[in-house]
>>> print(open('entry_14.cif').read())   # mmCIF, C-alpha atoms (C1' of nucleotides)
data_my_file
loop_
_atom_site.label_atom_id
_atom_site.label_comp_id
_atom_site.auth_asym_id
_atom_site.auth_seq_id
_atom_site.Cartn_x
_atom_site.Cartn_y
_atom_site.Cartn_z
CA MET A 240 -24.15 -14.21 6.44
CA ALA A 241 -21.56 -11.45 6.43
CA ALA A 242 -18.16 -12.26 7.86
CA LEU A 243 -18.45 -9.43 10.35
CA THR A 244 -21.23 -8.64 12.79
CA ASP A 245 -22.50 -5.09 13.04
CA PRO A 246 -20.43 -4.11 16.07
CA GLN A 247 -17.39 -5.66 14.45
CA ALA A 248 -17.92 -3.75 11.25
CA ALA A 249 -18.45 -0.57 13.24
CA ALA A 250 -15.22 -1.14 15.10
CA TRP A 251 -13.32 -1.76 11.91
CA ASN A 252 -14.76 1.26 10.15
CA SER A 253 -13.99 3.67 12.93
CA TYR A 254 -10.55 2.21 13.44
CA GLN A 255 -9.77 2.59 9.76
CA ARG A 256 -11.00 6.15 9.58
CA MET A 257 -9.14 7.08 12.74
CA ARG A 258 -5.94 5.47 11.57
CA VAL A 259 -5.93 7.29 8.25
CA ARG A 260 -6.83 10.67 9.64
CA LEU A 261 -4.52 10.47 12.60
CA SER A 262 -1.48 9.58 10.59
CA GLY A 263 -2.51 12.30 8.15
CA VAL A 264 -2.55 15.08 10.72
CA LEU A 265 0.57 13.88 12.48
CA GLY A 266 2.52 13.65 9.25
CA ARG A 267 1.32 17.03 8.14
CA GLU A 268 2.22 18.72 11.39
CA LEU A 269 5.63 17.13 11.40
CA ALA A 270 6.27 18.28 7.85
CA ALA A 271 5.04 21.78 8.60
CA ALA A 272 7.17 22.09 11.73
CA THR A 273 10.38 20.49 10.50
CA GLY A 274 10.17 19.63 6.82
CA LEU A 275 10.63 15.96 7.68
CA SER A 276 8.55 12.99 6.61
CA GLU A 277 7.66 10.33 9.13
CA ALA A 278 10.19 8.05 7.48
CA ASP A 279 12.89 10.69 7.94
CA PHE A 280 11.78 11.12 11.51
CA ASP A 281 11.91 7.41 12.29
CA VAL A 282 15.43 7.13 10.95
CA LEU A 283 16.74 10.27 12.61
CA VAL A 284 15.34 9.33 15.98
CA ALA A 285 16.58 5.77 15.73
CA VAL A 286 20.10 6.91 14.91
CA ASN A 287 20.09 9.69 17.45
CA GLU A 288 19.04 7.44 20.28
CA ARG A 289 22.20 5.39 19.87
CA PRO A 290 25.09 6.32 22.10
CA ASP A 291 27.63 5.68 19.34
CA GLU A 292 28.70 8.12 16.69
CA THR A 293 27.57 5.84 13.91
CA VAL A 294 25.06 3.03 13.53
CA ARG A 295 25.18 0.08 11.21
CA SER A 296 22.45 -0.04 8.59
CA LEU A 297 21.74 -3.56 9.75
CA ALA A 298 21.03 -2.47 13.32
CA LEU A 299 18.88 0.34 12.04
CA ARG A 300 16.95 -2.00 9.85
CA CYS A 301 16.26 -4.42 12.70
CA GLY A 302 15.26 -1.65 15.06
CA LEU A 303 12.89 -0.10 12.57
CA GLU A 304 11.70 -3.45 11.24
CA TRP A 305 12.19 -2.19 7.72
CA GLU A 306 13.09 -4.04 4.57
CA LYS A 307 16.64 -3.57 3.45
CA SER A 308 15.74 -1.91 0.18
CA ARG A 309 13.43 0.48 1.92
CA LEU A 310 16.18 1.61 4.24
CA SER A 311 18.63 1.88 1.37
CA HIS A 312 16.32 4.13 -0.64
CA GLN A 313 15.48 6.21 2.40
CA LEU A 314 19.13 6.69 3.38
CA ARG A 315 19.99 7.73 -0.16
CA ARG A 316 17.33 10.43 -0.09
CA MET A 317 18.38 11.58 3.37
CA GLU A 318 22.01 11.72 2.35
CA GLN A 319 21.09 13.87 -0.64
CA ARG A 320 19.26 16.26 1.63
CA GLY A 321 22.17 16.50 4.01
CA LEU A 322 20.59 14.77 7.00
CA ILE A 323 23.05 11.89 7.24
CA THR A 324 26.32 10.64 5.84
CA ARG A 325 27.29 7.07 5.11
CA GLU A 326 30.64 5.43 5.68
CA ALA A 327 32.14 2.00 5.27
CA CYS A 328 31.64 -0.44 8.11
CA GLU A 329 34.72 -1.73 9.92
CA GLU A 330 33.52 -5.08 11.26
CA ASP A 331 31.98 -6.24 8.01
CA SER A 332 33.03 -4.75 4.72
CA ARG A 333 29.68 -5.61 3.20
CA GLY A 334 27.98 -3.30 5.65
CA SER A 335 27.64 0.45 5.92
CA ALA A 336 27.41 2.84 8.81
CA VAL A 337 25.21 5.89 9.20
CA ARG A 338 26.15 9.13 10.91
CA LEU A 339 23.93 12.14 11.54
CA THR A 340 25.01 15.50 10.22
CA GLU A 341 24.77 18.48 12.53
CA ARG A 342 21.57 19.48 10.82
CA GLY A 343 20.28 15.93 11.17
CA ARG A 344 20.94 15.91 14.88
CA GLU A 345 19.22 19.24 15.39
CA LEU A 346 16.19 18.25 13.40
CA ALA A 347 15.94 14.95 15.25
CA CYS A 348 15.58 16.79 18.56
CA GLN A 349 13.17 19.40 17.29
CA ALA A 350 11.07 16.82 15.54
CA ARG A 351 10.91 14.59 18.59
CA LYS A 352 9.47 17.45 20.63
CA HIS A 353 6.94 18.44 18.02
CA TYR A 354 5.89 14.88 17.38
CA ASP A 355 5.48 13.88 21.00
CA ALA A 356 3.54 17.03 21.65
CA ALA A 357 1.23 16.27 18.76
CA VAL A 358 0.67 12.71 19.92
CA LYS A 359 -0.10 14.00 23.37
CA ARG A 360 -2.44 16.65 22.05
CA TYR A 361 -4.37 14.48 19.60
CA VAL A 362 -4.32 11.17 21.40
CA MET A 363 -3.31 11.13 25.02
CA ASP A 364 -5.19 14.21 26.12
CA SER A 365 -8.38 12.82 24.62
CA LEU A 366 -8.29 9.45 26.35
CA THR A 367 -8.65 8.34 29.93
CA PRO A 368 -5.83 6.31 31.49
CA GLU A 369 -8.09 3.26 31.21
CA GLN A 370 -8.56 3.86 27.52
CA ILE A 371 -4.84 4.28 27.04
CA ALA A 372 -4.29 1.01 28.85
CA ALA A 373 -6.96 -0.65 26.72
CA LEU A 374 -5.28 0.60 23.57
CA THR A 375 -1.96 -0.82 24.72
CA GLU A 376 -3.54 -4.14 25.54
CA ILE A 377 -5.49 -4.42 22.31
CA SER A 378 -2.49 -3.51 20.22
CA GLY A 379 -0.39 -6.04 22.06
CA ILE A 380 -2.91 -8.79 21.49
CA LEU A 381 -3.18 -8.07 17.79
CA LEU A 382 0.59 -7.87 17.46
CA ASP A 383 0.97 -11.24 19.13
CA ARG A 384 -1.67 -12.69 16.88
CA ILE A 385 0.16 -11.51 13.80
CA GLU A 386 3.55 -12.63 15.10
CA ILE A 387 2.23 -16.10 15.82
CA THR A 388 0.75 -16.74 12.41
CA HIS A 389 3.60 -15.11 10.54
CA ARG A 390 6.66 -16.75 11.93
CA MET B 40 10.34 16.29 31.13
CA ALA B 41 9.34 14.15 28.17
CA ALA B 42 6.07 14.99 26.50
CA LEU B 43 4.77 11.48 27.06
CA THR B 44 4.64 9.44 30.24
CA ASP B 45 5.81 5.85 30.18
CA PRO B 46 2.38 4.28 29.78
CA GLN B 47 1.59 6.79 27.08
CA ALA B 48 4.76 6.01 25.20
CA ALA B 49 4.06 2.30 25.60
CA ALA B 50 0.58 2.77 24.18
CA TRP B 51 1.87 4.75 21.24
CA ASN B 52 4.63 2.28 20.46
CA SER B 53 2.41 -0.74 20.47
CA TYR B 54 -0.28 1.05 18.52
CA GLN B 55 2.23 2.06 15.88
CA ARG B 56 3.71 -1.40 15.57
CA MET B 57 0.29 -2.98 15.42
CA ARG B 58 -0.95 -0.54 12.83
CA VAL B 59 1.97 -1.11 10.50
CA ARG B 60 2.00 -4.87 10.81
CA LEU B 61 -1.74 -5.28 10.57
CA SER B 62 -2.10 -3.25 7.43
CA GLY B 63 0.90 -5.14 6.08
CA VAL B 64 -0.61 -8.58 6.51
CA LEU B 65 -4.05 -7.50 5.35
CA GLY B 66 -2.67 -5.87 2.23
CA ARG B 67 -0.50 -8.84 1.48
CA GLU B 68 -3.33 -11.33 1.88
CA LEU B 69 -5.61 -9.25 -0.28
CA ALA B 70 -2.98 -9.02 -3.00
CA ALA B 71 -2.25 -12.74 -2.82
CA ALA B 72 -5.93 -13.68 -2.99
CA THR B 73 -7.13 -11.23 -5.62
CA GLY B 74 -4.23 -9.25 -7.07
CA LEU B 75 -5.82 -6.06 -5.75
CA SER B 76 -4.25 -3.32 -3.67
CA GLU B 77 -6.17 -1.83 -0.79
CA ALA B 78 -6.74 1.26 -2.87
CA ASP B 79 -8.24 -0.85 -5.66
CA PHE B 80 -10.34 -2.61 -3.07
CA ASP B 81 -11.67 0.58 -1.54
CA VAL B 82 -12.71 1.90 -4.91
CA LEU B 83 -14.28 -1.33 -6.14
CA VAL B 84 -16.28 -1.81 -2.98
CA ALA B 85 -17.41 1.79 -2.91
CA VAL B 86 -18.64 1.63 -6.48
CA ASN B 87 -20.18 -1.80 -6.10
CA GLU B 88 -22.17 -0.82 -3.05
CA ARG B 89 -24.04 1.77 -5.07
CA PRO B 90 -27.37 0.71 -6.47
CA ASP B 91 -26.80 2.64 -9.71
CA GLU B 92 -24.92 1.43 -12.73
CA THR B 93 -22.43 4.25 -12.55
CA VAL B 94 -21.14 6.56 -9.83
CA ARG B 95 -19.87 10.07 -10.19
CA SER B 96 -16.23 10.57 -9.32
CA LEU B 97 -17.32 13.34 -7.02
CA ALA B 98 -19.52 11.05 -4.97
CA LEU B 99 -16.79 8.46 -4.84
CA ARG B 100 -14.31 11.03 -3.67
CA CYS B 101 -16.57 12.19 -0.86
CA GLY B 102 -17.38 8.68 0.23
CA LEU B 103 -13.77 7.64 0.32
CA GLU B 104 -12.57 10.97 1.68
CA TRP B 105 -9.86 11.05 -0.95
CA GLU B 106 -8.19 13.95 -2.66
CA LYS B 107 -9.31 14.49 -6.20
CA SER B 108 -5.91 13.88 -7.72
CA ARG B 109 -5.54 10.68 -5.78
CA LEU B 110 -8.80 9.37 -7.16
CA SER B 111 -7.93 10.50 -10.65
CA HIS B 112 -4.60 8.66 -10.63
CA GLN B 113 -6.15 5.58 -9.08
CA LEU B 114 -8.98 5.45 -11.61
CA ARG B 115 -6.54 5.83 -14.47
CA ARG B 116 -4.58 2.81 -13.24
CA MET B 117 -7.72 0.80 -12.64
CA GLU B 118 -9.03 1.63 -16.08
CA GLN B 119 -5.78 0.48 -17.63
CA ARG B 120 -6.08 -2.82 -15.79
CA GLY B 121 -9.64 -3.32 -16.94
CA LEU B 122 -11.35 -2.99 -13.57
CA ILE B 123 -13.48 0.03 -14.42
CA THR B 124 -14.53 2.20 -17.32
CA ARG B 125 -15.12 5.93 -17.31
CA GLU B 126 -17.82 7.83 -19.13
CA ALA B 127 -18.95 11.40 -19.41
CA CYS B 128 -21.32 12.66 -16.75
CA GLU B 129 -24.76 13.81 -17.86
CA GLU B 130 -25.68 16.29 -15.16
CA ASP B 131 -22.39 18.13 -15.20
CA SER B 132 -20.14 18.00 -18.22
CA ARG B 133 -17.10 18.70 -16.10
CA GLY B 134 -17.70 15.48 -14.23
CA SER B 135 -17.09 11.86 -15.01
CA ALA B 136 -18.85 8.64 -14.09
CA VAL B 137 -17.32 5.32 -13.14
CA ARG B 138 -18.68 1.91 -14.07
CA LEU B 139 -17.35 -1.48 -12.99
CA THR B 140 -16.37 -3.94 -15.65
CA GLU B 141 -17.55 -7.51 -15.25
CA ARG B 142 -14.16 -8.44 -13.95
CA GLY B 143 -14.27 -5.49 -11.57
CA ARG B 144 -17.58 -6.59 -10.15
CA GLU B 145 -16.41 -10.15 -9.65
CA LEU B 146 -13.22 -9.09 -7.94
CA ALA B 147 -15.08 -6.69 -5.69
CA CYS B 148 -17.16 -9.55 -4.32
CA GLN B 149 -14.30 -11.98 -3.94
CA ALA B 150 -12.13 -9.36 -2.32
CA ARG B 151 -14.83 -8.37 0.12
CA LYS B 152 -15.09 -11.94 1.34
CA HIS B 153 -11.37 -12.43 1.67
CA TYR B 154 -10.86 -9.12 3.35
CA ASP B 155 -13.64 -9.47 5.87
CA ALA B 156 -12.48 -12.97 6.68
CA ALA B 157 -8.96 -11.70 7.28
CA VAL B 158 -10.18 -8.88 9.50
CA LYS B 159 -12.21 -11.37 11.46
CA ARG B 160 -9.32 -13.80 11.74
CA TYR B 161 -6.64 -11.30 12.72
CA VAL B 162 -8.67 -8.84 14.73
CA MET B 163 -12.13 -9.85 15.79
CA ASP B 164 -11.35 -13.40 16.81
CA SER B 165 -8.53 -12.17 19.02
CA LEU B 166 -10.53 -9.60 20.96
CA THR B 167 -13.35 -9.84 23.47
CA PRO B 168 -16.58 -8.00 22.74
CA GLU B 169 -15.57 -5.49 25.40
CA GLN B 170 -12.29 -4.87 23.66
CA ILE B 171 -14.03 -4.45 20.34
CA ALA B 172 -16.35 -1.93 21.94
CA ALA B 173 -13.38 -0.16 23.51
CA LEU B 174 -11.67 0.05 20.13
CA THR B 175 -14.78 1.56 18.60
CA GLU B 176 -15.06 4.09 21.36
CA ILE B 177 -11.42 5.08 21.34
CA SER B 178 -11.39 5.47 17.57
CA GLY B 179 -14.52 7.56 17.72
CA ILE B 180 -13.06 9.86 20.34
CA LEU B 181 -9.86 10.39 18.40
CA LEU B 182 -11.78 10.96 15.20
CA ASP B 183 -13.90 13.60 16.87
CA ARG B 184 -10.83 15.25 18.29
CA ILE B 185 -9.28 15.49 14.86
CA GLU B 186 -12.49 16.67 13.22
CA ILE B 187 -12.90 19.42 15.78
CA THR B 188 -9.46 20.91 15.42
CA HIS B 189 -9.35 20.52 11.67
CA ARG B 190 -12.51 22.12 10.46
"C1'" DC C 26 -25.61 38.82 -20.15
"C1'" DC C 27 -21.01 38.80 -18.77
"C1'" DA C 28 -16.74 38.88 -15.80
"C1'" DG C 29 -14.85 36.84 -11.96
"C1'" DA C 30 -14.81 33.27 -8.74
"C1'" DT C 31 -15.71 28.10 -7.84
"C1'" DT C 32 -15.69 23.55 -8.83
"C1'" DA C 33 -14.64 18.85 -11.38
"C1'" DG C 34 -11.18 16.62 -12.98
"C1'" DT C 35 -6.34 15.90 -15.12
"C1'" DT C 36 -1.41 16.13 -15.23
"C1'" DG C 37 3.50 16.12 -13.81
"C1'" DA C 38 6.86 15.99 -10.26
"C1'" DT C 39 8.44 13.99 -6.19
"C1'" DG C 40 8.69 11.08 -2.04
"C1'" DC C 41 7.45 6.69 -0.06
"C1'" DG C 42 7.17 1.42 -0.04
"C1'" DT C 43 7.69 -3.20 -2.17
"C1'" DC C 44 9.42 -6.61 -5.13
"C1'" DA C 45 12.85 -8.94 -7.77
"C1'" DA C 46 17.38 -8.98 -9.59
"C1'" DC C 47 21.91 -8.21 -8.70
"C1'" DC C 48 26.81 -7.65 -6.62
"C1'" DT C 49 29.97 -8.27 -3.07
"C1'" DT C 50 31.59 -10.37 0.99
"C1'" DG C 51 31.42 -13.57 4.64
"C1'" DT C 52 30.53 -18.45 6.40
"C1'" DC C 53 30.42 -23.25 6.71
"C1'" DG C 54 30.69 -28.13 5.46
"C1'" DT C 55 33.52 -31.24 3.63
"C1'" DA D 202 41.20 -24.76 0.83
"C1'" DC D 203 37.31 -24.35 -1.85
"C1'" DG D 204 32.73 -24.35 -3.48
"C1'" DA D 205 28.02 -23.64 -2.27
"C1'" DC D 206 25.17 -20.90 0.21
"C1'" DA D 207 23.70 -17.08 3.00
"C1'" DA D 208 23.77 -12.20 4.30
"C1'" DG D 209 24.42 -6.90 3.68
"C1'" DG D 210 23.39 -3.63 0.68
"C1'" DT D 211 22.19 -1.30 -3.96
"C1'" DT D 212 19.44 -0.67 -7.94
"C1'" DG D 213 15.42 -0.28 -11.12
"C1'" DA D 214 10.71 -0.65 -11.87
"C1'" DC D 215 6.24 0.05 -10.41
"C1'" DG D 216 2.15 1.38 -7.59
"C1'" DC D 217 0.57 4.55 -4.16
"C1'" DA D 218 -0.08 9.43 -2.06
"C1'" DT D 219 0.45 14.41 -2.10
"C1'" DC D 220 1.24 18.94 -3.89
"C1'" DA D 221 0.92 22.49 -7.23
"C1'" DA D 222 -0.35 23.98 -11.65
"C1'" DC D 223 -3.55 23.62 -15.19
"C1'" DT D 224 -8.07 23.14 -18.22
"C1'" DA D 225 -12.69 23.46 -18.76
"C1'" DA D 226 -17.31 23.98 -17.23
"C1'" DT D 227 -20.54 26.05 -13.94
"C1'" DC D 228 -22.22 29.49 -10.82
"C1'" DT D 229 -23.07 34.17 -9.17
"C1'" DG D 230 -23.47 39.15 -8.59
"C1'" DG D 231 -24.33 43.11 -10.86
#
>>> encode(input="entry_14.cif", output="structure tokens")
Amino acid sequence: MAALTDPQAAAWNSYQRMRVRLSGVLGRELAAATGLSEADFDVLVAVNERPDETVRSLALRCGLEWEKSRLSHQLRRMEQRGLITREACEEDSRGSAVRLTERGRELACQARKHYDAAVKRYVMDSLTPEQIAALTEISGILLDRIEITHR
Amino acid sequence: MAALTDPQAAAWNSYQRMRVRLSGVLGRELAAATGLSEADFDVLVAVNERPDETVRSLALRCGLEWEKSRLSHQLRRMEQRGLITREACEEDSRGSAVRLTERGRELACQARKHYDAAVKRYVMDSLTPEQIAALTEISGILLDRIEITHR
DNA sequence: CCAGATTAGTTGATGCGTCAACCTTGTCGT
DNA sequence: ACGACAAGGTTGACGCATCAACTAATCTGG
């Protein structure tokens, strides 16, 4: 009479454990290697990937799929630590623009290398190409499912 | 020269998006249905599944794989909200024991139903049995990989 | 038996994430 | 033009998670 069958519960349990532990080790390695949190990393990489000097907070927010207050808090902390600077936005005086500091740019590159290497080491090297494809497919299906019912 | 090939990067991106969005909707539904956070839920279920009246914090901590300070903070908040009570531990006077309040027990059951139903609806109903098996296998492999290098 | 090391748990500080309230600026219908 | 409404962003409060420092009780070797 349970909502989940045994194999379903097993899948959910191992997924949950994997998810927690994986993001734990990745976050820890990133912090040890660069002093950055995953939130810092996401922002730095997103800004750095842009060709322009500066990026609008709005664009950042859409790219990251973050709430506006989350980005605002995060940018404040990153500005305090000297990773970014913020300037007024030309096109829309409500907006703001983000620019990486030199240190921010450096750390973005370093962190990218470390992070990708860790993902490769912990995840990709452990799975067959078929399993990687299955993971992509499963994630895509679940994403679609969520998108459909929440929009 | 990137650390990840295209299919690998695709897998990682969709996994990451799925992970964030899924835990978002599940947490939100749980909160809407019961007023509980996932942390509350984990604790309530863990305690409720025990046959005994009370559970030692230590046992809880091991079962949940939580840090001791995390559990301590969480229990303090849950005690304040009337979900649990704490008593001295008989066997070891350093320890403490956790007991569910009536309200805690009720919520644990309700929450379990809601949560399992949501997992079924968002995840299990969207995947084939083969995909569910693949998810279990992949998670198990990654878990093992992490266990091996971190212990 | 006792001194030193472990272990259970608490506390405080800090970063992260969400929500609701708010301010400013743009937009659009009339 | 102007008034209502929407959108960009900030702020404050709170819960969650981690780290380091601490207290107190237990264990262990000698």
>>> interface_residues(input="entry_14.cif", of="chain C", to="chain B", cutoff="12 Å", atoms="only C-alpha atoms (C1' of nucleotides)", output="PyMOL selection string")
chain C and resi 32-37+42-43
>>> residues_around(input="entry_14.cif", residues="DG54 in chain C", least_positions_apart="5", cutoff="12 Å", atoms="only C-alpha atoms (C1' of nucleotides)", output="list in words")
DA202, DC203, DG204, DA205 and DC206 of chain D
>>> write_last_selection(input="entry_14.cif", atoms="C-alpha atoms (C1' of nucleotides)", output="PDB file, keeping the file's coordinate frame")
ATOM      1  C1'  DA D 202      41.200 -24.760   0.830  1.00  0.00           C
ATOM      2  C1'  DC D 203      37.310 -24.350  -1.850  1.00  0.00           C
ATOM      3  C1'  DG D 204      32.730 -24.350  -3.480  1.00  0.00           C
ATOM      4  C1'  DA D 205      28.020 -23.640  -2.270  1.00  0.00           C
ATOM      5  C1'  DC D 206      25.170 -20.900   0.210  1.00  0.00           C
TER       6       DC D 206
END
>>> interface_residues(input="entry_14.cif", of="chain D", to="chain B", cutoff="12 Å", atoms="all atoms listed in the file", output="list in words")
DC215, DG216, DC217, DA218, DT219, DC220, DA221, DT224, DA225, DA226 and DT227 of chain D
>>> interface_residues(input="entry_14.cif", of="chain A", to="chain B", cutoff="6 Å", atoms="all atoms listed in the file", output="list in words")
Ala242, Ala250, Ser253, Tyr254, Met257, Asp355, Ala356, Thr375, Ser378 and Leu382 of chain A
>>> atom_distance(input="entry_14.cif", atom1="CA of Glu318 in chain A", atom2="CA of Arg342 in chain A")
11.5 Å
>>> calpha_fit_and_write(input="entry_14.cif", fixed="chain B", moving="chain A", output="tab-separated table (two decimals) with C-alpha atoms, keeping the file's coordinate frame")
chain	number	residue	atom	x	y	z
A	240	MET	CA	10.41	16.21	31.15
A	241	ALA	CA	9.37	14.11	28.18
A	242	ALA	CA	6.10	14.98	26.50
A	243	LEU	CA	4.79	11.48	27.06
A	244	THR	CA	4.63	9.45	30.25
A	245	ASP	CA	5.79	5.85	30.19
A	246	PRO	CA	2.35	4.30	29.79
A	247	GLN	CA	1.58	6.81	27.07
A	248	ALA	CA	4.75	6.01	25.21
A	249	ALA	CA	4.03	2.31	25.59
A	250	ALA	CA	0.57	2.78	24.18
A	251	TRP	CA	1.87	4.75	21.25
A	252	ASN	CA	4.62	2.29	20.47
A	253	SER	CA	2.39	-0.74	20.49
A	254	TYR	CA	-0.29	1.05	18.52
A	255	GLN	CA	2.23	2.06	15.89
A	256	ARG	CA	3.71	-1.40	15.58
A	257	MET	CA	0.28	-2.98	15.42
A	258	ARG	CA	-0.95	-0.54	12.83
A	259	VAL	CA	1.98	-1.12	10.51
A	260	ARG	CA	1.99	-4.87	10.80
A	261	LEU	CA	-1.74	-5.27	10.57
A	262	SER	CA	-2.09	-3.24	7.43
A	263	GLY	CA	0.91	-5.13	6.08
A	264	VAL	CA	-0.62	-8.57	6.50
A	265	LEU	CA	-4.05	-7.50	5.34
A	266	GLY	CA	-2.68	-5.87	2.22
A	267	ARG	CA	-0.51	-8.84	1.47
A	268	GLU	CA	-3.32	-11.33	1.86
A	269	LEU	CA	-5.61	-9.26	-0.29
A	270	ALA	CA	-2.98	-9.03	-3.01
A	271	ALA	CA	-2.24	-12.74	-2.82
A	272	ALA	CA	-5.92	-13.70	-3.00
A	273	THR	CA	-7.11	-11.24	-5.63
A	274	GLY	CA	-4.22	-9.26	-7.07
A	275	LEU	CA	-5.80	-6.06	-5.77
A	276	SER	CA	-4.25	-3.32	-3.68
A	277	GLU	CA	-6.18	-1.85	-0.79
A	278	ALA	CA	-6.75	1.26	-2.88
A	279	ASP	CA	-8.25	-0.87	-5.66
A	280	PHE	CA	-10.34	-2.65	-3.09
A	281	ASP	CA	-11.68	0.55	-1.55
A	282	VAL	CA	-12.73	1.87	-4.93
A	283	LEU	CA	-14.27	-1.36	-6.16
A	284	VAL	CA	-16.28	-1.85	-3.00
A	285	ALA	CA	-17.42	1.75	-2.92
A	286	VAL	CA	-18.65	1.58	-6.51
A	287	ASN	CA	-20.17	-1.84	-6.12
A	288	GLU	CA	-22.18	-0.88	-3.08
A	289	ARG	CA	-24.06	1.71	-5.11
A	290	PRO	CA	-27.36	0.61	-6.55
A	291	ASP	CA	-26.78	2.57	-9.77
A	292	GLU	CA	-24.90	1.37	-12.79
A	293	THR	CA	-22.43	4.21	-12.56
A	294	VAL	CA	-21.14	6.50	-9.84
A	295	ARG	CA	-19.88	10.03	-10.14
A	296	SER	CA	-16.23	10.53	-9.29
A	297	LEU	CA	-17.34	13.28	-6.96
A	298	ALA	CA	-19.55	10.96	-4.93
A	299	LEU	CA	-16.79	8.41	-4.82
A	300	ARG	CA	-14.33	10.97	-3.64
A	301	CYS	CA	-16.60	12.14	-0.82
A	302	GLY	CA	-17.40	8.61	0.25
A	303	LEU	CA	-13.77	7.59	0.33
A	304	GLU	CA	-12.60	10.93	1.70
A	305	TRP	CA	-9.88	11.02	-0.91
A	306	GLU	CA	-8.24	13.94	-2.63
A	307	LYS	CA	-9.36	14.49	-6.16
A	308	SER	CA	-5.96	13.89	-7.69
A	309	ARG	CA	-5.57	10.69	-5.77
A	310	LEU	CA	-8.82	9.35	-7.13
A	311	SER	CA	-7.94	10.49	-10.63
A	312	HIS	CA	-4.61	8.66	-10.59
A	313	GLN	CA	-6.16	5.58	-9.05
A	314	LEU	CA	-9.00	5.45	-11.59
A	315	ARG	CA	-6.53	5.81	-14.44
A	316	ARG	CA	-4.55	2.82	-13.21
A	317	MET	CA	-7.71	0.79	-12.64
A	318	GLU	CA	-9.01	1.63	-16.08
A	319	GLN	CA	-5.73	0.47	-17.61
A	320	ARG	CA	-6.04	-2.82	-15.79
A	321	GLY	CA	-9.59	-3.32	-16.95
A	322	LEU	CA	-11.32	-2.99	-13.59
A	323	ILE	CA	-13.46	0.03	-14.44
A	324	THR	CA	-14.49	2.23	-17.33
A	325	ARG	CA	-15.09	5.95	-17.28
A	326	GLU	CA	-17.80	7.87	-19.08
A	327	ALA	CA	-18.95	11.45	-19.33
A	328	CYS	CA	-21.32	12.68	-16.66
A	329	GLU	CA	-24.78	13.81	-17.74
A	330	GLU	CA	-25.71	16.26	-14.98
A	331	ASP	CA	-22.44	18.14	-15.05
A	332	SER	CA	-20.20	18.04	-18.07
A	333	ARG	CA	-17.18	18.75	-15.91
A	334	GLY	CA	-17.72	15.50	-14.08
A	335	SER	CA	-17.08	11.88	-14.93
A	336	ALA	CA	-18.82	8.66	-14.06
A	337	VAL	CA	-17.31	5.32	-13.14
A	338	ARG	CA	-18.65	1.91	-14.08
A	339	LEU	CA	-17.33	-1.47	-13.01
A	340	THR	CA	-16.34	-3.96	-15.67
A	341	GLU	CA	-17.51	-7.53	-15.28
A	342	ARG	CA	-14.11	-8.45	-13.97
A	343	GLY	CA	-14.24	-5.50	-11.58
A	344	ARG	CA	-17.56	-6.60	-10.19
A	345	GLU	CA	-16.38	-10.16	-9.68
A	346	LEU	CA	-13.20	-9.11	-7.98
A	347	ALA	CA	-15.08	-6.71	-5.73
A	348	CYS	CA	-17.17	-9.58	-4.36
A	349	GLN	CA	-14.30	-12.00	-3.98
A	350	ALA	CA	-12.13	-9.40	-2.36
A	351	ARG	CA	-14.83	-8.37	0.08
A	352	LYS	CA	-15.10	-11.95	1.31
A	353	HIS	CA	-11.38	-12.45	1.64
A	354	TYR	CA	-10.87	-9.12	3.33
A	355	ASP	CA	-13.67	-9.47	5.85
A	356	ALA	CA	-12.50	-12.94	6.66
A	357	ALA	CA	-8.99	-11.68	7.25
A	358	VAL	CA	-10.19	-8.87	9.48
A	359	LYS	CA	-12.24	-11.35	11.43
A	360	ARG	CA	-9.37	-13.77	11.72
A	361	TYR	CA	-6.67	-11.29	12.71
A	362	VAL	CA	-8.69	-8.81	14.70
A	363	MET	CA	-12.16	-9.80	15.78
A	364	ASP	CA	-11.39	-13.35	16.80
A	365	SER	CA	-8.57	-12.12	19.01
A	366	LEU	CA	-10.57	-9.56	20.96
A	367	THR	CA	-13.38	-9.78	23.45
A	368	PRO	CA	-16.62	-7.92	22.70
A	369	GLU	CA	-15.60	-5.40	25.36
A	370	GLN	CA	-12.30	-4.81	23.64
A	371	ILE	CA	-14.04	-4.39	20.31
A	372	ALA	CA	-16.35	-1.87	21.90
A	373	ALA	CA	-13.39	-0.09	23.47
A	374	LEU	CA	-11.67	0.10	20.10
A	375	THR	CA	-14.77	1.61	18.55
A	376	GLU	CA	-15.07	4.14	21.33
A	377	ILE	CA	-11.42	5.13	21.30
A	378	SER	CA	-11.37	5.51	17.55
A	379	GLY	CA	-14.49	7.61	17.68
A	380	ILE	CA	-13.04	9.91	20.30
A	381	LEU	CA	-9.83	10.42	18.37
A	382	LEU	CA	-11.75	11.01	15.15
A	383	ASP	CA	-13.87	13.64	16.84
A	384	ARG	CA	-10.79	15.27	18.25
A	385	ILE	CA	-9.23	15.52	14.83
A	386	GLU	CA	-12.44	16.72	13.19
A	387	ILE	CA	-12.84	19.47	15.76
A	388	THR	CA	-9.38	20.93	15.39
A	389	HIS	CA	-9.29	20.54	11.64
A	390	ARG	CA	-12.47	22.14	10.48
>>> atom_distance(input="entry_14.cif", atom1="CA of Glu129 in chain B", atom2="C1' of DT31 in chain C")
19.7 Å
